[in-house]
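Chemist: First the structure, then my questions, so here it is.
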Amino acid sequence: MRPRAAAAAGGAIALVVALGACSENTGEGTKVDGNRQQTGVIATDPKDSQGPAAEIDGAAKGGTFTIIRETPISHLDPQRTYSFAGLMANPLFARYLTTWKDDGKGGLVLVGDLAETPGKNVNNDCKVWEFTIKDGVKFEDGSPITSKEIAYGIARSFDPDLTGGPTYIQEWLADTAQYDTKWDFKKNKTSLPPGLTTPDDKTLRFEFAKPRCDLPFAVSLPTTAPLKPEKDTGVNLDQKPFSSGPYKIAKNQVGVQLTLDRNPNWDAKTDPVRHQYPDQFVWSFGPTADAANNRVIADNGADQSALAFNSVPASLVAKVAGDPALKSRTLLSPTPSANQLVINTQRVKDLKIRQALNYAIDREGLVKALGGQTVAQPITTLMPPSTIGYKAYDAYPAGANGNVEKSKELLGGQTPELVLGVADNTTEQAEAVQLKGNLERAGFKITVRNIPDDAKLDEVKKKNNPWDLYIGNWAADWPSGASILPVLYDGRTIKAEGNSNQSYFNDDAINAEMDRILALPPSEQGPEWGKLDERIMKEHAPVVPLYVDVAYNVHGSKAGGVFISSVFGYPNFVNAYVKQ
């Protein structure tokens, strides 16, 4: 598969083509088909940001749509929402400055949500941005949403008590990662952070010290959900957010059930992506992945219009994949969640050793060990195929099962002794067995050290950690290389603890290239990130790309309109309906 140039639709700027996937039923069961083309564009015609959203074939109003999930959603407060479940639930009751129009077939368009367009780059230098707010957008009580309520929502995200959400906008406005020390929300609730202004009720203005060309993407996150100051209940907003979307919180039995009813003051004419088909959405928490999936497979009663949010577990994969009657009730797609064997370049300094590690891995065997094609899909790039700007390449072509001889050739008789740090959970333990076997047959000596699962992320983020290798995972906040490569490979961000750059890779030329690309308009960045992805791997090999996670979900026979989000890789409910 190779990328090809994407043709821009009328009123949109083509970003770049990437590769998506859909489910395909072959004679060998259900496999991921990587032949579908996925395109990304930023809308330039205001008509693209207008509502109503196109009607869904076969959709009807009425009924209750149920979503079954093992654990509760960590935060419902939009400014604190960052979990995948939260990011999928929030659009039902919260709107943002921009959002993604996702056709579920590989086409992505960034459009204005509360804003009339995805933003105006005032001076064409990405330092000053303005958003014009739509007429007719309202809260659940019927009061109008203006620039002031959106600005207040952003301002409250500076509150250190309201942790958990994205921090891009806060850091960019403050021009520092320690944004809450630059502006104190508690002391300034009637004002706004420096750089954020509301010239009038219809205009929201951002002014940054540095170019922030990815702002249209960043404001598609829940940080920009509006809130009236008098409705701000602080940490208690988690229990009952104030709705700006098509549904509102009717009842929240914390940890048990979340019930959403229609919001009568949502106007479809202002919304380019959402629908209001079901009378009600119910999130039901508690059943294990096995129990939830078995309920949906059985397809009885209310479960006929339900979806199991947790992917089909390994114990049920054969049953689901082997039942032709379930084909129309399953969703199968790679996600943007990429997994790597991260190399601590402070400790493994020899490029040839890092290259040898790349040649040694049997990706096909690793996928089988993890549970097969419905769990993982191999990759050889830093950015997952769902990224705008994705470039397909293989810097160290080792075939599906690794190239042991090439690995040994690069080692030149050496037997490097490396320590692999692994979380003590089932998935990483299975990966560790496979990776240790791969590397030792290629001439390495690998010692596996277990790390408590709940401590692993914090520990590998410490600059002076004691491991040479560890398994890493990254899912971008929007499908751009800007939210992947600088976050993971800009060496200037390395500090004592809390590092996202867990390979501790630092190269002045690569850092400078990141700065150059970040200063480009978003429409020009995509292909440049793809080139940089390949350059980092060919020149430095700071990781071994392994696989992307695959989403595999099953739903009842009366659940319609659900698709896997091209942005987050989890079930999206903006088109959901109950078949009547």
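Following the order of the structure tokens, chains are lettered A, B, ..., residues in each are numbered from 1, and ligands are numbered from 1.
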Could you list, as a PyMOL selection string, every residue within 10 Å of Pro194 in chain A, counting only C-alpha atoms and ignoring same-chain residues fewer than 5 positions away?
Modeler: chain A and resi 155+173-174+182-183+206-208
Chemist: According to DSSP computed on the backbone, where in range 314-531 of chain A is there helix (DSSP H, G or I)? Give the residues as an NGL selection string.
Modeler: :A and (314-321 or 324-329 or 351-360 or 363-370 or 404-411 or 426-441 or 453-460 or 481-483 or 485-489 or 491-493 or 508-518 or 522-531)
Chemist: May I ask which of the residues A:Gln346, A:Asn252, A:Gln280, A:Tyr552 is the closest one to Gly371 in chain A, counting only C-alpha atoms?
Modeler: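 Comparing A:Gln346, A:Asn252, A:Gln280, A:Tyr552 against Gly371 in chain A, the winner is A:Tyr552.
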Chemist: Out of A:Ile353, A:Ala94, A:Ile42, A:Val543, which residue has the shortest atom-to-atom distance to Leu341 in chain A when counting only C-alpha atoms?
Modeler: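 The closest residue to Leu341 in chain A is A:Val543.
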Chemist: For Pro479 in chain A, which residue among A:Ser386, A:Gln373, A:Ala392, A:Thr426 is the nearest when counting only C-alpha atoms?
Modeler: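 Distance minimum relative to Pro479 in chain A lands on A:Ser386.
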Chemist: Smallest atom-to-atom distance to Ile517 in chain A: which of A:Ile446, A:Ile343, A:Cys213, A:Ala325, using only C-alpha atoms?
Modeler: A:Cys213
Chemist: Mind pulling up the distance from CA of Leu92 in chain A to CA of Gln79 in chain A?
Modeler: 15.0 Å
Chemist: Quick one: everything within 9 Å of Trp283 in chain A, counting only C-alpha atoms, minus sequence neighbours fewer than 2 positions away in the same chain. Send it as a ChimeraX atom specification.
Modeler: /A:65-69,72,89,256-260,281,285
Chemist: Please identify the strand (DSSP E or B) residues within range 372-553 of chain A (assignment by DSSP from backbone atoms) and present them as a VMD selection string.
Modeler: chain A and resid 376 to 378 388 417 to 423 445 to 451 469 to 475 480 543 to 553
Chemist: If we count only C-alpha atoms and set the cut-off at 12 Å, which residues sit around Lys47 in chain A, ignoring sequence neighbours fewer than 2 positions away in its own chain? Please answer as a PyMOL selection string.
Modeler: chain A and resi 10-12+43-45+49-53+111-113+115-118+269-272
Chemist: Kindly export the residues of the current selection with N, CA, C and O atoms, as a CSV table (one decimal), in the first residue's frame.
Modeler:
chain,number,residue,atom,x,y,z
A,10,GLY,N,-14.7,20.6,-2.8
A,10,GLY,CA,-15.0,22.0,-2.8
A,10,GLY,C,-15.1,22.6,-1.5
A,10,GLY,O,-15.8,22.1,-0.6
A,11,GLY,N,-14.4,23.7,-1.3
A,11,GLY,CA,-14.5,24.4,0.0
A,11,GLY,C,-13.7,23.7,1.1
A,11,GLY,O,-14.0,23.9,2.3
A,12,ALA,N,-12.7,23.0,0.8
A,12,ALA,CA,-11.9,22.4,1.8
A,12,ALA,C,-10.4,22.4,1.4
A,12,ALA,O,-10.1,22.4,0.2
A,43,ALA,N,-12.1,22.3,6.5
A,43,ALA,CA,-13.2,23.1,5.7
A,43,ALA,C,-12.8,24.5,5.6
A,43,ALA,O,-12.4,25.2,6.6
A,44,THR,N,-13.0,25.1,4.4
A,44,THR,CA,-12.8,26.5,4.2
A,44,THR,C,-14.1,27.2,3.9
A,44,THR,O,-14.2,28.4,4.0
A,45,ASP,N,-15.1,26.5,3.4
A,45,ASP,CA,-16.4,27.0,3.0
A,45,ASP,C,-17.3,27.0,4.3
A,45,ASP,O,-17.5,25.9,4.8
A,49,SER,N,-19.6,23.9,7.7
A,49,SER,CA,-19.8,24.0,9.2
A,49,SER,C,-21.2,24.2,9.6
A,49,SER,O,-21.5,24.3,10.8
A,50,GLN,N,-22.1,24.4,8.7
A,50,GLN,CA,-23.5,24.6,9.0
A,50,GLN,C,-24.2,23.3,9.2
A,50,GLN,O,-23.8,22.2,8.8
A,51,GLY,N,-25.3,23.3,9.9
A,51,GLY,CA,-26.2,22.2,10.1
A,51,GLY,C,-27.4,22.3,9.1
A,51,GLY,O,-27.5,23.3,8.4
A,52,PRO,N,-28.3,21.3,9.1
A,52,PRO,CA,-28.2,20.1,10.0
A,52,PRO,C,-27.2,19.1,9.3
A,52,PRO,O,-26.9,19.2,8.1
A,53,ALA,N,-26.8,18.1,10.1
A,53,ALA,CA,-26.0,17.0,9.6
A,53,ALA,C,-26.8,16.2,8.6
A,53,ALA,O,-28.1,16.1,8.8
A,111,VAL,N,-14.4,20.9,10.9
A,111,VAL,CA,-15.4,22.0,10.7
A,111,VAL,C,-15.7,22.8,11.9
A,111,VAL,O,-15.3,22.4,13.0
A,112,GLY,N,-16.3,23.9,11.8
A,112,GLY,CA,-16.7,24.7,12.9
A,112,GLY,C,-17.9,24.0,13.6
A,112,GLY,O,-18.8,23.5,13.0
A,113,ASP,N,-17.9,24.0,14.9
A,113,ASP,CA,-19.0,23.4,15.7
A,113,ASP,C,-19.8,24.6,16.3
A,113,ASP,O,-20.8,25.0,15.8
A,115,ALA,N,-18.3,27.4,16.4
A,115,ALA,CA,-17.8,28.5,15.5
A,115,ALA,C,-18.3,28.3,14.1
A,115,ALA,O,-18.6,27.2,13.7
A,116,GLU,N,-18.3,29.4,13.4
A,116,GLU,CA,-18.9,29.4,12.0
A,116,GLU,C,-17.9,28.7,11.1
A,116,GLU,O,-18.3,28.2,10.0
A,117,THR,N,-16.6,28.7,11.4
A,117,THR,CA,-15.6,28.1,10.6
A,117,THR,C,-14.5,27.5,11.5
A,117,THR,O,-14.6,27.8,12.7
A,118,PRO,N,-13.6,26.7,11.0
A,118,PRO,CA,-12.5,26.2,11.9
A,118,PRO,C,-11.5,27.3,12.3
A,118,PRO,O,-10.4,26.9,12.7
A,269,LYS,N,-30.1,22.8,13.2
A,269,LYS,CA,-29.6,23.7,12.1
A,269,LYS,C,-28.3,24.3,12.3
A,269,LYS,O,-27.6,24.8,11.4
A,270,THR,N,-27.8,24.3,13.6
A,270,THR,CA,-26.5,24.8,13.9
A,270,THR,C,-25.4,23.8,14.0
A,270,THR,O,-24.2,24.1,14.2
A,271,ASP,N,-25.8,22.5,13.9
A,271,ASP,CA,-24.8,21.4,14.2
A,271,ASP,C,-24.5,20.6,12.9
A,271,ASP,O,-25.4,19.9,12.4
A,272,PRO,N,-23.3,20.6,12.5
A,272,PRO,CA,-22.9,19.9,11.3
A,272,PRO,C,-22.6,18.4,11.4
A,272,PRO,O,-22.5,17.7,10.4
Chemist: Have a look at A:Tyr547, A:Tyr396, A:Phe158, A:Phe185 and name the one nearest to Ile471 in chain A; count only C-alpha atoms.
Modeler: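 Closest candidate: A:Tyr547.
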Chemist: Would you pick out the contacts of Thr99 in chain A at 9 Å or less, using only C-alpha atoms, so that residues sharing its chain but fewer than 2 positions from it are not included, and give the list as a PyMOL selection string?
Modeler: chain A and resi 95-97+101+109-114+118+216-217+219-221+272-273
